[in-house]
$ cat structure.pdb   # PDB, C-alpha atoms and all ligand atoms
ATOM      1  CA  MET A 792     119.458-117.888 110.945
ATOM      2  CA  ILE A 793     119.934-121.095 112.949
ATOM      3  CA  GLU A 794     117.648-123.053 110.616
ATOM      4  CA  GLU A 795     119.686-121.771 107.647
ATOM      5  CA  THR A 796     123.002-122.754 109.226
ATOM      6  CA  VAL A 797     121.594-126.219 109.863
ATOM      7  CA  LEU A 798     120.264-126.463 106.299
ATOM      8  CA  ASP A 799     123.746-125.725 104.943
ATOM      9  CA  ILE A 800     125.199-128.484 107.116
ATOM     10  CA  LEU A 801     122.526-131.002 106.091
ATOM     11  CA  ASN A 802     123.193-130.184 102.433
ATOM     12  CA  GLU A 803     126.955-130.284 102.812
ATOM     13  CA  TYR A 804     126.888-133.693 104.489
ATOM     14  CA  LYS A 805     124.156-134.944 102.152
ATOM     15  CA  VAL A 806     121.682-135.995 104.807
ATOM     16  CA  LYS A 807     118.792-137.545 102.863
ATOM     17  CA  GLU A 808     116.613-138.918 105.663
ATOM     18  CA  PRO A 809     116.422-139.379 109.415
ATOM     19  CA  PRO A 810     118.040-140.312 111.705
ATOM     20  CA  VAL A 811     120.629-137.572 111.165
ATOM     21  CA  PRO A 812     124.118-139.054 111.741
ATOM     22  CA  VAL A 813     125.420-136.523 114.259
ATOM     23  CA  ASP A 814     128.501-138.601 115.186
ATOM     24  CA  GLU A 815     129.522-138.746 111.547
ATOM     25  CA  ILE A 816     128.899-135.034 110.984
ATOM     26  CA  ALA A 817     131.061-134.169 113.989
ATOM     27  CA  GLN A 818     133.855-136.436 112.755
ATOM     28  CA  LYS A 819     133.701-134.953 109.269
ATOM     29  CA  CYS A 820     134.116-131.529 110.900
ATOM     30  CA  GLY A 821     137.304-132.839 112.488
ATOM     31  CA  ILE A 822     135.772-133.156 115.932
ATOM     32  CA  ASN A 823     136.555-136.250 117.990
ATOM     33  CA  ILE A 824     133.865-137.651 120.254
ATOM     34  CA  GLY A 825     134.632-139.298 123.566
ATOM     35  CA  ARG A 826     132.196-140.983 125.932
ATOM     36  CA  ALA A 827     132.592-141.471 129.652
ATOM     37  CA  PRO A 828     130.192-141.876 132.556
ATOM     38  CA  SER A 829     129.616-138.835 134.740
ATOM     39  CA  ASP A 830     127.325-137.819 137.589
ATOM     40  CA  ASP A 831     127.928-134.250 136.634
ATOM     41  CA  PHE A 832     127.994-133.015 133.056
ATOM     42  CA  SER A 833     125.850-134.046 130.104
ATOM     43  CA  GLY A 834     128.422-132.882 127.579
ATOM     44  CA  PHE A 835     131.204-130.486 126.725
ATOM     45  CA  LEU A 836     132.994-128.975 123.762
ATOM     46  CA  LEU A 837     136.660-128.102 123.586
ATOM     47  CA  ARG A 838     137.558-126.064 120.529
ATOM     48  CA  LYS A 839     141.082-126.288 119.139
ATOM     49  CA  ALA A 840     142.441-125.135 115.832
ATOM     50  CA  ASP A 841     142.848-128.591 114.304
ATOM     51  CA  ASN A 842     141.240-131.105 116.643
ATOM     52  CA  SER A 843     138.202-130.142 118.628
ATOM     53  CA  PHE A 844     136.603-132.534 121.067
ATOM     54  CA  ILE A 845     133.076-133.298 122.244
ATOM     55  CA  GLY A 846     132.652-135.218 125.485
ATOM     56  CA  VAL A 847     129.408-137.089 126.101
ATOM     57  CA  ASN A 848     128.046-138.613 129.292
ATOM     58  CA  SER A 849     127.716-142.322 128.522
ATOM     59  CA  ASN A 850     125.218-142.744 131.375
ATOM     60  CA  ASP A 851     122.653-140.818 129.356
ATOM     61  CA  SER A 852     120.192-142.561 127.045
ATOM     62  CA  HIS A 853     121.069-142.889 123.362
ATOM     63  CA  PRO A 854     118.623-140.148 122.266
ATOM     64  CA  ARG A 855     119.962-137.865 125.014
ATOM     65  CA  GLN A 856     123.552-138.478 123.871
ATOM     66  CA  ARG A 857     122.575-137.606 120.315
ATOM     67  CA  PHE A 858     120.976-134.404 121.541
ATOM     68  CA  THR A 859     124.116-133.548 123.515
ATOM     69  CA  ILE A 860     126.332-134.002 120.448
ATOM     70  CA  ALA A 861     123.963-131.869 118.364
ATOM     71  CA  HIS A 862     123.906-129.228 121.113
ATOM     72  CA  GLU A 863     127.713-129.091 121.264
ATOM     73  CA  LEU A 864     127.797-128.855 117.458
ATOM     74  CA  GLY A 865     125.524-125.853 117.919
ATOM     75  CA  HIS A 866     128.144-124.191 120.104
ATOM     76  CA  TYR A 867     130.790-125.189 117.579
ATOM     77  CA  PHE A 868     129.023-123.563 114.629
ATOM     78  CA  LEU A 869     127.301-120.640 116.349
ATOM     79  CA  HIS A 870     129.643-119.493 119.122
ATOM     80  CA  LYS A 871     133.022-119.463 117.476
ATOM     81  CA  THR A 872     134.784-117.043 119.782
ATOM     82  CA  LYS A 873     134.523-119.294 122.828
ATOM     83  CA  LYS A 874     136.974-122.122 123.357
ATOM     84  CA  ALA A 875     135.108-124.334 125.803
ATOM     85  CA  PHE A 876     131.572-125.133 126.881
ATOM     86  CA  VAL A 877     130.450-127.452 129.649
ATOM     87  CA  ASP A 878     126.802-128.422 129.785
ATOM     88  CA  TYR A 879     124.928-129.786 132.755
ATOM     89  CA  PRO A 880     121.593-131.573 132.784
ATOM     90  CA  GLY A 881     118.777-129.086 133.104
ATOM     91  CA  THR A 882     120.745-126.187 131.656
ATOM     92  CA  ASN A 883     117.870-124.484 129.964
ATOM     93  CA  ALA A 884     115.724-121.421 129.699
ATOM     94  CA  GLU A 885     114.270-121.849 133.168
ATOM     95  CA  ILE A 886     117.399-120.659 134.916
ATOM     96  CA  ALA A 887     117.668-117.673 132.604
ATOM     97  CA  PHE A 888     117.021-114.018 133.116
ATOM     98  CA  ARG A 889     117.365-113.806 136.839
ATOM     99  CA  ASP A 890     121.072-113.390 137.422
ATOM    100  CA  ASN A 891     123.814-111.044 136.287
ATOM    101  CA  LYS A 892     124.704-110.119 132.759
ATOM    102  CA  HIS A 893     127.209-112.941 132.423
ATOM    103  CA  ASN A 894     124.532-115.518 133.085
ATOM    104  CA  LEU A 895     122.183-113.889 130.656
ATOM    105  CA  VAL A 896     124.718-114.143 127.844
ATOM    106  CA  ARG A 897     125.505-117.743 128.700
ATOM    107  CA  THR A 898     121.850-118.615 128.733
ATOM    108  CA  ARG A 899     121.192-117.068 125.355
ATOM    109  CA  SER A 900     123.936-119.214 123.856
ATOM    110  CA  GLU A 901     122.406-122.278 125.524
ATOM    111  CA  ILE A 902     119.007-121.524 124.037
ATOM    112  CA  GLU A 903     120.627-121.091 120.628
ATOM    113  CA  ALA A 904     122.525-124.380 120.953
ATOM    114  CA  ASN A 905     119.286-126.163 121.879
ATOM    115  CA  LYS A 906     117.488-124.641 118.885
ATOM    116  CA  PHE A 907     120.351-125.714 116.661
ATOM    117  CA  ALA A 908     120.236-129.252 118.080
ATOM    118  CA  ALA A 909     116.482-129.568 117.504
ATOM    119  CA  ALA A 910     116.789-128.246 113.954
ATOM    120  CA  LEU A 911     119.704-130.581 113.173
ATOM    121  CA  LEU A 912     118.171-133.741 114.639
ATOM    122  CA  MET A 913     114.665-133.026 113.331
ATOM    123  CA  PRO A 914     115.130-131.189 110.027
ATOM    124  CA  ALA A 915     112.056-129.116 109.232
ATOM    125  CA  LYS A 916     111.849-130.399 105.670
ATOM    126  CA  HIS A 917     111.775-134.086 106.641
ATOM    127  CA  LEU A 918     109.545-133.596 109.626
ATOM    128  CA  LEU A 919     106.965-131.602 107.649
ATOM    129  CA  GLU A 920     106.887-134.402 105.061
ATOM    130  CA  ASP A 921     106.584-137.144 107.656
ATOM    131  CA  PHE A 922     103.928-135.301 109.566
ATOM    132  CA  SER A 923     101.820-134.676 106.476
ATOM    133  CA  LEU A 924     102.002-138.419 105.668
ATOM    134  CA  LEU A 925     100.794-139.146 109.202
ATOM    135  CA  ARG A 926      97.797-136.862 108.628
ATOM    136  CA  LYS A 927      96.237-139.733 106.694
ATOM    137  CA  GLU A 928      96.417-141.958 109.768
ATOM    138  CA  GLU A 929      93.180-140.728 111.230
ATOM    139  CA  LEU A 930      93.027-143.408 113.892
ATOM    140  CA  MET A 931      96.487-142.623 115.210
ATOM    141  CA  HIS A 932      96.543-140.404 118.285
ATOM    142  CA  LEU A 933      98.967-137.517 118.485
ATOM    143  CA  ASP A 934     100.728-139.384 121.274
ATOM    144  CA  GLU A 935     101.392-142.354 119.008
ATOM    145  CA  LYS A 936     102.558-140.088 116.212
ATOM    146  CA  ILE A 937     105.042-138.471 118.565
ATOM    147  CA  SER A 938     106.343-141.884 119.655
ATOM    148  CA  TYR A 939     106.664-143.039 116.044
ATOM    149  CA  LEU A 940     108.509-139.864 115.001
ATOM    150  CA  ALA A 941     110.762-139.877 118.077
ATOM    151  CA  GLU A 942     111.811-143.429 117.184
ATOM    152  CA  ARG A 943     112.351-142.544 113.524
ATOM    153  CA  TYR A 944     114.514-139.500 114.318
ATOM    154  CA  LYS A 945     116.203-141.150 117.355
ATOM    155  CA  VAL A 946     115.279-138.330 119.711
ATOM    156  CA  SER A 947     113.378-138.246 122.982
ATOM    157  CA  ARG A 948     109.595-137.857 122.934
ATOM    158  CA  GLU A 949     110.097-134.612 124.801
ATOM    159  CA  ALA A 950     112.426-133.190 122.143
ATOM    160  CA  MET A 951     110.020-134.262 119.390
ATOM    161  CA  THR A 952     107.063-132.692 121.192
ATOM    162  CA  TYR A 953     108.841-129.333 121.443
ATOM    163  CA  ARG A 954     109.932-129.469 117.827
ATOM    164  CA  LEU A 955     106.404-130.158 116.599
ATOM    165  CA  ILE A 956     105.098-127.225 118.599
ATOM    166  CA  ASP A 957     107.909-125.068 117.264
ATOM    167  CA  LEU A 958     106.989-125.988 113.686
ATOM    168  CA  LYS A 959     103.317-125.363 114.536
ATOM    169  CA  LEU A 960     102.423-128.966 113.750
ATOM    170  CA  SER A 961     100.781-129.488 117.102
ATOM    171  CA  ALA A 962      99.897-127.355 120.051
TER     172      ALA A 962
HETATM  173 ZN    ZN B   1     125.536-125.652 125.952
END
$ encode --input "structure.pdb" --output "structure tokens" --more "lines below"
Ligand SMILES: [Zn+2]
Amino acid sequence: MIEETVLDILNEYKVKEPPVPVDEIAQKCGINIGRAPSDDFSGFLLRKADNSFIGVNSNDSHPRQRFTIAHELGHYFLHKTKKAFVDYPGTNAEIAFRDNKHNLVRTRSEIEANKFAAALLMPAKHLLEDFSLLRKEELMHLDEKISYLAERYKVSREAMTYRLIDLKLSA
């Protein structure tokens, strides 16, 4: 479902190759992006009828900021009934499933937003193509392939590693 939603967006905004222009996609959706330094949040989304807003922590690395924007776009497209999301560094599956029901629901939406972000920044179609081209590079270690792909898609090595595992391209 998430992959399909992302595919529609990639088609609608005619994304032909990486890196996926997440800033541009947000703007075309009528979402303004603002950047400011923070010791606290990594990003947030405020949803309004005609002008929504994504805030990004400008202290974060460029790949991290791109992931934040993609993550907030995930909330924007997947969680339409909620008006605001604030995301903190380290908000992930590890803190899930140990608290009350409210936390559980919040965590599920965070996992979904992260899945959306990975799918948007590293489209399956492009990544499968790129990875199959790299198969010919027999002397290249997996580590180097991950670095090359992370650079090409403008994501962190960590994000690329998870995505490759998710697509069963490495394990
Ligand atoms: Zn979130």
$ closest_atom_pairs --input "structure.pdb" --of "chain A" --to "ligand ZN 1 (chain B)" --cutoff "9 Å" --atoms "only C-alpha atoms and all ligand atoms" --output "CSV"
residue,atom,partner,partner_atom,distance
A:Gly834,CA,B:ZN1,ZN,8.0
A:Phe835,CA,B:ZN1,ZN,7.5
A:Leu836,CA,B:ZN1,ZN,8.5
A:Thr859,CA,B:ZN1,ZN,8.4
A:His862,CA,B:ZN1,ZN,6.2
A:Glu863,CA,B:ZN1,ZN,6.2
A:Gly865,CA,B:ZN1,ZN,8.0
A:His866,CA,B:ZN1,ZN,6.6
A:Phe876,CA,B:ZN1,ZN,6.1
A:Val877,CA,B:ZN1,ZN,6.4
A:Asp878,CA,B:ZN1,ZN,4.9
A:Tyr879,CA,B:ZN1,ZN,8.0
A:Thr882,CA,B:ZN1,ZN,7.5
A:Asn883,CA,B:ZN1,ZN,8.7
A:Arg897,CA,B:ZN1,ZN,8.4
A:Thr898,CA,B:ZN1,ZN,8.4
A:Ser900,CA,B:ZN1,ZN,7.0
A:Glu901,CA,B:ZN1,ZN,4.6
A:Ile902,CA,B:ZN1,ZN,8.0
A:Glu903,CA,B:ZN1,ZN,8.6
A:Ala904,CA,B:ZN1,ZN,6.0
A:Asn905,CA,B:ZN1,ZN,7.5
$ residues_near_point --input "structure.pdb" --point "(122.0, -138.1, 117.3)" --cutoff "9 Å" --atoms "all atoms listed in the file" --output "JSON, numbers by chain"
{"A": [810, 811, 812, 813, 814, 853, 854, 855, 856, 857, 858, 859, 860, 861, 911, 912, 944, 945, 946]}
$ atom_distance --input "structure.pdb" --atom1 "atom CA of Glu929 of chain A" --atom2 "atom CA of Leu960 of chain A"
15.2 Å
$ atom_distance --input "structure.pdb" --atom1 "atom CA of Lys874 of chain A" --atom2 "atom CA of Ser849 of chain A"
22.8 Å
$ resolve_selection --input "structure.pdb" --expression "the PyMOL selection byres (((chain A and resi 801-806) around 10) and not hetatm)" --output "PyMOL selection string"
chain A and resi 795-800+807-812+815-816+819-820+911-912+914
$ axis_aligned_box --input "structure.pdb" --around "segment 821-829 of chain A" --padding-each-side "8 Å" --output "lines of an AutoDock Vina configuration file"
center_x = 133.5
center_y = -137.4
center_z = 123.6
size_x = 23.7
size_y = 25.0
size_z = 38.3
$ atom_distance --input "structure.pdb" --atom1 "atom CA of Lys927 of chain A" --atom2 "atom CA of Ala908 of chain A"
28.6 Å
$ closest_residue --input "structure.pdb" --among "A:Pro880, A:Ala909, A:Met792, A:Leu933" --to "Phe832 of chain A" --atoms "only C-alpha atoms"
A:Pro880
$ resolve_selection --input "structure.pdb" --expression "the PyMOL selection byres (((chain A and resi 918) around 12) and not hetatm)" --output "ChimeraX atom specification"
/A:808-811,909-917,919-925,936-937,939-941,943-944,951-952,954-960
$ resolve_selection --input "structure.pdb" --expression "the PyMOL selection byres (((chain A and resi 844) around 6) and not hetatm)" --output "JSON, numbers by chain"
{"A": [822, 823, 824, 836, 837, 843, 845]}
$ closest_residue --input "structure.pdb" --among "A:Gln818, A:Tyr953, A:Tyr867, A:Asn848" --to "Asp831 of chain A" --atoms "only C-alpha atoms"
A:Asn848
$ closest_residue --input "structure.pdb" --among "A:Asp841, A:Pro828, A:Arg948, A:His870" --to "Glu935 of chain A" --atoms "all atoms listed in the file"
A:Arg948
